[in-house]
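Peer 1: Data file input29.txt (compact mmCIF, C-alpha atoms) is appended below.
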```
# COMPACT_ATOMS: atom_id res chain seq x y z
CA LEU A 101 301.66 218.70 168.65
CA GLY A 102 301.32 215.32 166.93
CA TRP A 103 304.28 215.83 164.62
CA LYS A 104 306.80 218.33 166.03
CA PRO A 105 305.62 219.17 169.57
CA HIS A 106 308.84 221.05 170.40
CA VAL A 107 307.99 223.68 167.77
CA VAL A 108 305.02 224.75 169.90
CA ASN A 109 307.45 225.72 172.66
CA TYR A 110 309.64 227.58 170.17
CA SER A 111 306.66 229.66 169.06
CA ARG A 112 305.62 230.30 172.67
CA MET A 113 309.10 231.49 173.59
CA VAL A 114 309.10 233.83 170.62
CA PHE A 115 305.61 235.04 171.56
CA VAL A 116 306.53 235.78 175.18
CA SER A 117 309.84 237.48 174.38
CA SER A 118 308.46 239.59 171.52
CA GLU A 119 305.39 240.53 173.59
CA ALA A 120 307.61 241.70 176.47
CA ILE A 121 309.89 243.76 174.21
CA LEU A 122 307.00 245.34 172.30
CA ALA A 123 305.07 246.07 175.52
CA ILE A 124 308.07 247.87 177.01
CA ILE A 125 308.48 249.97 173.88
CA LEU A 126 304.79 250.72 173.23
CA VAL A 127 303.50 251.00 176.81
CA TYR A 128 306.47 252.18 178.87
CA PHE A 129 308.30 254.42 176.41
CA LEU A 130 305.53 255.49 174.00
CA ASN A 131 302.76 255.61 176.65
CA LEU A 132 300.18 253.90 174.41
CA GLY A 133 298.51 252.17 177.38
CA ILE A 134 295.90 249.50 176.56
CA LEU A 135 296.29 250.17 172.83
CA GLY A 136 300.00 249.40 173.16
CA LEU A 137 299.19 246.09 174.89
CA ILE A 138 296.71 245.13 172.16
CA ILE A 139 299.22 245.94 169.41
CA SER A 140 302.06 244.06 171.14
CA VAL A 141 299.91 240.94 171.68
CA THR A 142 298.58 241.03 168.09
CA ILE A 143 302.05 241.31 166.55
CA SER A 144 303.46 238.63 168.88
CA TYR A 145 300.68 236.18 168.01
CA SER A 146 301.25 236.88 164.31
CA ILE A 147 304.95 236.08 164.63
CA SER A 148 304.13 232.91 166.59
CA ILE A 149 301.63 231.76 163.94
CA ILE A 150 304.13 232.39 161.12
CA ILE A 151 306.75 230.25 162.89
CA GLN A 152 304.28 227.37 163.32
CA CYS A 153 303.17 227.66 159.68
CA ILE A 154 306.77 227.44 158.48
CA PHE A 155 307.42 224.22 160.43
CA ALA A 156 304.00 222.73 159.62
CA ARG A 157 304.00 223.59 155.92
CA GLU A 158 304.69 219.96 154.94
CA LYS A 159 301.45 218.87 156.64
CA ILE A 160 299.11 221.75 155.78
CA LYS A 161 299.88 222.07 152.07
CA THR A 162 297.97 218.87 151.17
CA SER A 163 294.49 218.91 149.63
CA PHE A 164 291.46 219.55 151.85
CA LYS A 165 288.96 216.69 152.25
CA LYS A 166 285.24 217.43 152.41
CA GLU A 167 284.57 214.50 154.74
CA PHE A 168 286.68 216.24 157.40
CA LEU A 169 284.43 219.29 157.24
CA LYS A 170 281.31 217.13 157.51
CA LYS A 171 282.69 215.39 160.58
CA TRP A 172 283.72 218.68 162.20
CA ILE A 173 280.22 220.09 161.75
CA LYS A 174 278.63 216.87 163.04
CA ILE A 175 280.48 216.94 166.36
CA SER A 176 280.98 220.71 166.67
CA TRP A 177 278.66 220.73 169.70
CA LEU A 178 281.29 218.84 171.71
CA PRO A 179 284.05 221.49 171.81
CA LEU A 180 281.34 224.13 172.27
CA TYR A 181 280.13 222.22 175.33
CA PHE A 182 283.70 222.04 176.62
CA GLY A 183 283.97 225.81 176.22
CA ILE A 184 281.13 226.38 178.68
CA GLN A 185 283.53 225.89 181.59
CA ASN A 186 285.49 229.00 180.66
CA ASN A 187 282.32 231.10 180.60
CA ILE A 188 281.41 229.85 184.08
CA TYR A 189 284.97 230.23 185.41
CA TRP A 190 285.22 233.91 184.49
CA LEU A 191 281.94 234.68 186.24
CA ASP A 192 283.94 235.01 189.48
CA ILE A 193 285.21 238.46 188.48
CA THR A 194 281.70 239.58 187.50
CA ILE A 195 280.21 238.28 190.76
CA PHE A 196 282.91 239.91 192.88
CA THR A 197 282.50 243.26 191.11
CA ILE A 198 278.70 243.25 191.43
CA MET A 199 278.61 242.10 195.06
CA SER A 200 281.43 244.34 196.30
CA GLY A 201 280.39 247.30 194.15
CA SER A 202 284.02 248.07 193.31
CA VAL A 203 286.80 246.98 190.95
CA ILE A 204 289.62 247.62 193.43
CA GLY A 205 289.44 244.03 194.67
CA VAL A 206 289.59 242.77 191.09
CA SER A 207 292.77 244.76 190.51
CA PHE A 208 294.34 243.12 193.59
CA TRP A 209 293.15 239.71 192.35
CA THR A 210 294.62 240.25 188.89
CA ALA A 211 297.94 241.38 190.35
CA ALA A 212 298.06 238.53 192.87
CA THR A 213 297.41 235.87 190.20
CA PHE A 214 299.79 237.34 187.62
CA VAL A 215 302.97 235.62 188.84
CA PRO A 216 301.38 232.23 189.73
CA ARG A 217 300.10 231.91 186.16
CA LEU A 218 303.71 231.19 185.19
CA ILE A 219 303.19 227.81 186.88
CA THR A 220 300.85 226.79 184.05
CA ASN A 221 303.97 226.52 181.86
CA THR A 222 304.59 223.24 183.70
CA ALA A 223 301.88 221.72 181.50
CA LEU A 224 304.20 222.23 178.52
CA MET A 225 306.06 219.13 179.73
CA SER A 226 303.02 217.09 178.69
CA THR A 227 302.19 218.73 175.37
CA ALA A 228 303.41 215.69 173.42
CA VAL A 229 301.63 213.11 175.61
CA TYR A 230 298.08 213.82 174.41
CA PRO A 231 298.80 213.43 170.66
CA LYS A 232 300.93 210.36 171.40
CA LEU A 233 298.02 208.79 173.26
CA LEU A 234 295.72 209.61 170.33
CA GLN A 235 298.15 207.77 168.07
CA GLY A 236 297.88 204.72 170.31
CA ASP A 237 301.46 204.89 171.60
CA SER A 238 302.53 203.06 174.74
CA GLN A 239 301.53 204.58 178.08
CA THR A 240 304.79 203.61 179.77
CA HIS A 241 306.31 207.08 179.31
CA MET A 242 303.53 208.79 181.28
CA SER A 243 305.01 208.10 184.73
CA GLU A 244 308.30 209.62 183.64
CA ASN A 245 306.48 212.59 182.16
CA LEU A 246 304.58 213.25 185.38
CA LEU A 247 307.84 213.07 187.32
CA HIS A 248 309.21 215.88 185.17
CA VAL A 249 305.96 217.82 185.66
CA PHE A 250 306.44 217.68 189.43
CA TYR A 251 310.11 218.62 189.08
CA PHE A 252 309.45 221.83 187.17
CA GLY A 253 306.14 222.39 188.94
CA PHE A 254 307.82 222.57 192.34
CA LEU A 255 310.43 224.92 190.88
CA LEU A 256 307.92 227.39 189.40
CA THR A 257 305.59 227.19 192.41
CA ALA A 258 308.44 227.91 194.80
CA LEU A 259 309.53 230.83 192.61
CA ALA A 260 306.01 232.29 192.62
CA ILE A 261 305.70 231.94 196.40
CA VAL A 262 309.11 233.27 197.41
CA PHE A 263 309.18 236.13 194.90
CA SER A 264 305.52 237.10 195.33
CA LYS A 265 306.31 240.24 197.30
CA PRO A 266 309.03 241.62 194.96
CA ALA A 267 306.92 240.74 191.90
CA LEU A 268 303.89 242.61 193.24
CA TYR A 269 306.13 245.55 194.12
CA VAL A 270 307.29 245.67 190.49
CA LEU A 271 303.68 245.74 189.29
CA ASN A 272 302.76 248.47 191.79
CA PRO A 273 303.86 249.00 195.41
CA ILE A 274 300.21 249.20 196.51
CA TYR A 275 299.79 245.51 195.60
CA GLU A 276 302.57 244.43 197.95
CA ASN A 277 300.09 243.61 200.74
CA ALA A 278 298.47 240.98 198.51
CA HIS A 279 301.49 238.66 198.57
CA THR A 280 299.68 236.18 200.88
CA ILE A 281 297.00 235.83 198.21
CA THR A 282 299.72 235.12 195.65
CA VAL A 283 301.05 232.32 197.86
CA ILE A 284 297.60 230.71 198.08
CA MET A 285 296.97 231.09 194.35
CA SER A 286 300.37 229.57 193.55
CA ILE A 287 299.25 226.34 195.20
CA GLN A 288 295.82 226.55 193.54
CA ILE A 289 297.27 227.08 190.07
CA PHE A 290 299.73 224.22 190.56
CA LEU A 291 296.78 221.93 191.36
CA LEU A 292 294.86 223.39 188.41
CA THR A 293 297.80 222.63 186.12
CA LEU A 294 297.91 219.01 187.32
CA SER A 295 294.16 218.83 186.74
CA THR A 296 294.59 220.06 183.16
CA ILE A 297 297.27 217.45 182.49
CA PHE A 298 295.10 214.65 183.92
CA GLN A 299 292.22 215.77 181.68
CA GLU A 300 294.43 215.53 178.60
CA PHE A 301 295.57 212.04 179.61
CA LEU A 302 291.98 210.82 179.98
CA LYS A 303 290.79 212.39 176.73
CA GLY A 304 293.81 211.00 174.90
CA ILE A 305 292.71 207.38 175.36
CA GLU A 306 289.13 208.00 174.17
CA LYS A 307 288.51 206.37 170.78
CA VAL A 308 284.85 207.21 170.17
CA ASP A 309 285.65 209.89 167.57
CA ILE A 310 287.58 207.34 165.49
CA ASN A 311 284.37 205.42 164.89
CA GLU A 312 282.68 206.98 161.85
CA LYS A 313 279.36 205.44 162.91
CA ALA A 314 279.48 206.79 166.47
CA THR A 315 276.12 208.15 167.57
CA PHE A 316 275.22 211.09 169.79
CA LYS A 317 274.62 208.60 172.61
CA ASN A 318 278.13 207.17 172.15
CA PHE A 319 279.64 210.64 172.54
CA ILE A 320 277.54 211.33 175.64
CA LYS A 321 278.95 208.18 177.26
CA SER A 322 282.53 209.01 176.27
CA LYS A 323 285.28 210.74 178.25
CA LEU A 324 285.11 213.60 175.74
CA PHE A 325 281.75 214.49 177.32
CA PHE A 326 282.35 213.20 180.85
CA ILE A 327 285.53 215.21 181.52
CA PRO A 328 284.08 218.66 180.63
CA THR A 329 280.95 217.74 182.61
CA ILE A 330 283.09 217.14 185.70
CA ILE A 331 284.91 220.46 185.18
CA ILE A 332 281.65 222.37 184.65
CA PHE A 333 280.32 220.83 187.87
CA GLN A 334 283.46 221.94 189.69
CA GLN A 335 283.15 225.47 188.30
CA ILE A 336 279.51 225.69 189.41
CA ILE A 337 280.53 224.68 192.94
CA TYR A 338 283.35 227.26 192.85
CA ILE A 339 281.10 230.10 191.69
CA SER A 340 278.30 229.18 194.11
CA THR A 341 280.65 228.92 197.08
CA LEU A 342 282.28 232.22 196.16
CA ALA A 343 278.91 234.01 195.94
CA ILE A 344 277.78 232.66 199.33
CA THR A 345 281.13 233.49 200.97
CA LEU A 346 281.15 237.04 199.61
CA PHE A 347 277.55 237.60 200.70
CA ILE A 348 278.39 236.61 204.29
CA LEU A 349 281.64 238.61 204.42
CA ILE A 350 280.16 241.77 202.89
CA GLN A 351 277.42 241.72 205.56
CA ASN A 352 280.19 241.87 208.18
CA ASP A 353 282.04 244.82 206.55
CA TYR A 354 285.25 243.02 205.60
CA SER A 355 287.82 245.05 203.66
CA GLU A 356 288.28 244.44 199.93
CA LEU A 357 291.70 242.91 200.49
CA ASP A 358 290.14 240.47 202.98
CA LEU A 359 287.45 239.63 200.43
CA VAL A 360 290.12 238.82 197.84
CA TYR A 361 291.95 236.69 200.42
CA TYR A 362 288.84 234.56 201.03
CA TRP A 363 288.24 234.49 197.28
CA SER A 364 291.63 232.79 196.87
CA MET A 365 290.81 230.34 199.67
CA VAL A 366 287.56 229.37 197.94
CA ALA A 367 289.46 228.84 194.67
CA LEU A 368 292.01 226.59 196.41
CA PHE A 369 289.57 224.46 198.41
CA THR A 370 287.21 223.91 195.48
CA GLN A 371 290.11 222.92 193.20
CA ALA A 372 291.94 220.44 195.45
CA PRO A 373 289.28 217.66 195.63
CA PHE A 374 288.67 217.70 191.88
CA THR A 375 292.39 217.42 191.12
CA LEU A 376 292.52 214.43 193.47
CA TYR A 377 289.45 212.91 191.79
CA LEU A 378 290.99 213.27 188.31
CA TYR A 379 294.21 211.68 189.58
CA ILE A 380 292.18 208.70 190.84
CA LEU A 381 290.55 208.41 187.40
CA VAL A 382 293.99 208.45 185.77
CA GLN A 383 295.16 205.71 188.12
CA LYS A 384 292.14 203.60 187.13
CA ASN A 385 292.72 204.04 183.40
CA PHE A 386 296.50 203.85 183.20
CA VAL A 387 299.34 201.77 184.54
CA LEU A 388 300.80 204.72 186.44
CA LYS A 389 303.67 204.27 188.88
CA LEU A 390 304.83 207.54 190.35
CA ASN A 391 308.32 207.63 191.81
CA ILE A 392 307.32 208.98 195.22
CA GLN A 393 310.92 208.95 196.45
CA SER A 394 312.09 211.28 193.66
CA ILE A 395 309.05 213.55 194.05
CA CYS A 396 309.82 213.89 197.78
CA LYS A 397 313.42 214.76 196.92
CA TYR A 398 312.25 217.54 194.60
CA LEU A 399 309.83 218.86 197.22
CA VAL A 400 312.50 218.93 199.95
CA ALA A 401 315.03 220.48 197.57
CA SER A 402 312.56 223.24 196.63
CA ILE A 403 311.74 223.97 200.29
CA VAL A 404 315.42 224.13 201.32
CA SER A 405 316.69 226.03 198.25
CA PHE A 406 313.96 228.63 198.20
CA GLY A 407 313.71 228.73 201.99
CA ILE A 408 317.31 229.98 202.03
CA THR A 409 316.51 232.34 199.16
CA TYR A 410 313.52 233.75 201.08
CA ILE A 411 315.66 234.44 204.16
CA LEU A 412 318.24 236.24 202.00
CA LEU A 413 315.48 238.25 200.29
CA GLU A 414 313.98 239.37 203.58
CA ASN A 415 317.35 240.46 204.97
CA TYR A 416 319.26 241.85 202.02
CA LEU A 417 316.86 242.97 199.26
CA ASN A 418 316.36 246.72 199.10
CA TYR A 419 313.11 247.94 197.56
CA TYR A 420 314.38 250.72 195.30
CA GLU A 421 311.85 253.07 193.70
CA ASN A 422 313.70 252.86 190.39
CA LEU A 423 312.64 249.56 188.81
CA PHE A 424 315.70 249.43 186.56
CA THR A 425 317.77 249.31 189.75
CA PHE A 426 315.42 247.04 191.70
CA ILE A 427 314.78 244.30 189.09
CA PRO A 428 318.49 243.37 188.53
CA HIS A 429 318.86 242.93 192.30
CA VAL A 430 315.81 240.63 192.37
CA LEU A 431 317.19 238.62 189.44
CA ILE A 432 320.38 237.89 191.41
CA PHE A 433 318.34 236.22 194.17
CA LEU A 434 316.17 234.45 191.59
CA VAL A 435 319.16 232.96 189.79
CA PHE A 436 320.62 231.90 193.15
CA GLY A 437 317.43 230.06 194.12
CA VAL A 438 317.08 228.32 190.75
CA LEU A 439 320.74 227.24 190.72
CA CYS A 440 320.45 225.89 194.27
CA TYR A 441 317.41 223.83 193.30
CA ILE A 442 318.85 222.49 190.04
CA SER A 443 322.28 221.70 191.50
CA SER A 444 320.88 219.99 194.60
CA THR A 445 318.45 217.82 192.62
CA PHE A 446 321.20 217.06 190.11
CA VAL A 447 323.34 215.70 192.94
CA ILE A 448 320.69 213.74 194.85
CA ASP A 449 318.60 212.28 192.00
CA LYS A 450 319.85 210.11 189.17
CA LYS A 451 316.78 210.76 187.00
CA ILE A 452 317.53 214.49 186.90
CA ARG A 453 321.11 213.81 185.88
CA THR A 454 319.77 211.61 183.09
CA LEU A 455 317.31 214.33 182.08
CA PHE A 456 319.96 217.03 181.78
CA TYR A 457 322.39 214.71 179.99
CA SER A 458 319.59 213.94 177.51
CA ILE A 459 318.92 217.66 177.00
CA LEU A 460 322.62 218.33 176.36
CA GLN A 461 322.82 215.39 173.95
CA GLU A 462 319.74 216.65 172.07
CA ILE A 463 321.30 220.12 171.78
CA LYS A 464 324.53 218.63 170.43
CA ASN A 465 322.60 216.58 167.86
CA LYS A 466 320.85 219.75 166.61
```
Spell out the structure here as structure tokens.

Peer 2:
Amino acid sequence: LGWKPHVVNYSRMVFVSSEAILAIILVYFLNLGILGLIISVTISYSISIIIQCIFAREKIKTSFKKEFLKKWIKISWLPLYFGIQNNIYWLDITIFTIMSGSVIGVSFWTAATFVPRLITNTALMSTAVYPKLLQGDSQTHMSENLLHVFYFGFLLTALAIVFSKPALYVLNPIYENAHTITVIMSIQIFLLTLSTIFQEFLKGIEKVDINEKATFKNFIKSKLFFIPTIIIFQQIIYISTLAITLFILIQNDYSELDLVYYWSMVALFTQAPFTLYLYILVQKNFVLKLNIQSICKYLVASIVSFGITYILLENYLNYYENLFTFIPHVLIFLVFGVLCYISSTFVIDKKIRTLFYSILQEIKNK
């Protein structure tokens, strides 16, 4: 990330494509089930790691320094503390399963959040920002970076919302009724992605770990401790609110699909204020000037482009039982929506024209 950040995306693309191909072969054709998934993920990760090792070989072939190991051990509690948030976050599935007494709702939740998780790829736009901030580079590029995050974020969020129903149908027709949950979770995951990016910005300007004489107290006062504390606090509120909400709903005999719906609402409304709070912190620590005019253009373009796509989907898409017939039809509408969004923003916004010209120029230089 600090040397060749684009290579990370290369390895991810290889991982995703190889995982998909292997999963189709091992799960669909060879009927290996969960074992097939495990094998496909393991092989794909191995290929991804090999690619990164090849590109990073110039940096990792140098001699190992003992002082690095000593420092890692000394502050190893910090990343372990940061990891607590994941343990709390995944308690939601455990709580739902215990309180509802069934895993059917969890299956609907997993299906409904499958497509929105593609939105997290928006964070890839900022992969190079964190290491650049660690290096002490100028912060002037951050506003431009966030503009690109919103551009691709609106695109992926609109895709997840509009194609929620067809995507769930592909997974299993019984999940089709959960498309409203997918819409809610698309917004939640977009906010979560912004939150993740803001966290990286704030941690990137923290210099406490550069000081070899930094004490435990110094680390406690730093953003490296403060940021995970805020996230852990948010996760505790999320889990607590979810448990209380489920307890009330279960007493009133709500269906499992309704329980999952309110689960998604809790996730959204406990995420939104913390994303806003992190944005305020970023504004206080950086000279950040968002181009509101361009962001509004992207938002309007996404609503219009994918609004038209949604109308066409509802009127002309046939839900064939054969997926090999159904998926190509869906892809036609998907390509139409994406092209409408890209072409419209290309016409109405100079910054997008500059972005695509820069991409083309970079490709030519390669």

Peer 1: Could you give me, as a PyMOL selection string, the residues within 12 Å of stretch 374-379 of chain A, counting only C-alpha atoms and dropping anything in the same chain fewer than 4 positions from it?

Peer 2: chain A and resi 246+287-303+323+326-328+330-335+337-338+367-370+383-386+388+390

Peer 1: By how many Å are atom CA of A:Val400 and atom CA of A:Leu256 apart?

Peer 2: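 Going from atom CA of A:Val400 over to atom CA of A:Leu256, I get 14.3 Å.
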
Peer 1: Give me, as a Markdown table, the closest atom pair and its distance (Å, one decimal) for every residue of stretch 206-247 of chain A within a cut-off of 7 Å of stretch 271-280 of chain A, counting all atoms listed in the file, rows sorted by chain and rising number.

Peer 2:
```
| residue | atom | partner | partner_atom | distance |
| --- | --- | --- | --- | --- |
| A:Phe208 | CA | A:Tyr275 | CA | 6.3 |
| A:Ala211 | CA | A:Tyr275 | CA | 6.9 |
| A:Ala212 | CA | A:Ala278 | CA | 6.2 |
```

Peer 1: Please produce a file of those selected residues containing C-alpha atoms, as an mmCIF file, in the frame of the given file.

Peer 2:
```cif
data_model
loop_
_atom_site.group_PDB
_atom_site.id
_atom_site.type_symbol
_atom_site.label_atom_id
_atom_site.label_comp_id
_atom_site.auth_asym_id
_atom_site.auth_seq_id
_atom_site.Cartn_x
_atom_site.Cartn_y
_atom_site.Cartn_z
ATOM 1 C CA PHE A 208 294.340 243.120 193.590
ATOM 2 C CA ALA A 211 297.940 241.380 190.350
ATOM 3 C CA ALA A 212 298.060 238.530 192.870
#
```

Peer 1: Would you mind telling me which residue in A:Val215, A:Leu233, A:Leu431, A:Leu381 lies nearest to A:Lys265 when using all atoms listed in the file?

Peer 2: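 With all atoms listed in the file as the atom set, the closest residue is A:Val215.
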
Peer 1: My list of candidates is A:Ile395, A:Ile459, A:Leu423, A:Val387. Which is closest to A:Tyr251 when distances are computed with all atoms listed in the file?

Peer 2: A:Ile395

Peer 1: If you count only C-alpha atoms, which residues fall within 8 Å of A:Pro266, apart from same-chain ones fewer than 4 positions away, as a list of chain:residue names?

Peer 2: A:Val270, A:Glu276, A:Tyr419, A:Val430

Peer 1: To one decimal in Å, tell me the separation between atom CA of A:Gly133 and atom CA of A:Glu119.

Peer 2: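 Here the two named atoms are 14.0 Å from each other.
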
Peer 1: Determine the nearest neighbour of A:Ser226 from the options A:Asn109, A:Leu268, A:Thr142, A:Gly201, counting all atoms listed in the file.

Peer 2: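 Counting all atoms listed in the file, the residue closest to A:Ser226 is A:Asn109.
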
Peer 1: Could you please determine the separation between atom CA of A:Pro231 and atom CA of A:Val382 in Å, to one decimal place?

Peer 2: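 Computed distance, atom CA of A:Pro231 to atom CA of A:Val382, equals 16.6 Å.
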
Peer 1: Name all residues at most 10 Å from stretch 345-356 of chain A (count all atoms listed in the file; drop same-chain ones fewer than 3 positions away) and give them as a PyMOL selection string.

Peer 2: chain A and resi 195-196+199-200+202-206+208+339-342+359-363+366

Peer 1: Using all atoms listed in the file, which of the listed residues (A:Ile160, A:Phe433, A:Leu439, A:Asn311) sits closest to A:Ile411?

Peer 2: A:Phe433

Peer 1: Between A:Trp177, A:Phe263, A:Phe115, A:Trp209, single out the one closest to A:Asp192, counting all atoms listed in the file.

Peer 2: A:Trp209

Peer 1: With all atoms listed in the file as the basis for distance, which of A:Val262, A:Ala123, A:Pro373, A:Ser364 is at the shortest distance from A:Leu412?

Peer 2: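 Closest to A:Leu412, using all atoms listed in the file: A:Val262.
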
Peer 1: List as a ChimeraX atom specification the protein and nucleic acid residues near A:Ile151, meaning an atom at most 12 Å away when all atoms listed in the file are counted, but skip any in the same chain fewer than 2 places from it.

Peer 2: /A:107-115,144-149,153-157

Peer 1: Give the padded box for stretch 165-176 of chain A as lines of an AutoDock Vina configuration file: axis-aligned, covering all atoms listed in the file, 8 Å on each side, centre and edge lengths in Å to one decimal.

Peer 2:
```
center_x = 283.8
center_y = 217.6
center_z = 159.5
size_x = 26.3
size_y = 22.2
size_z = 30.4
```
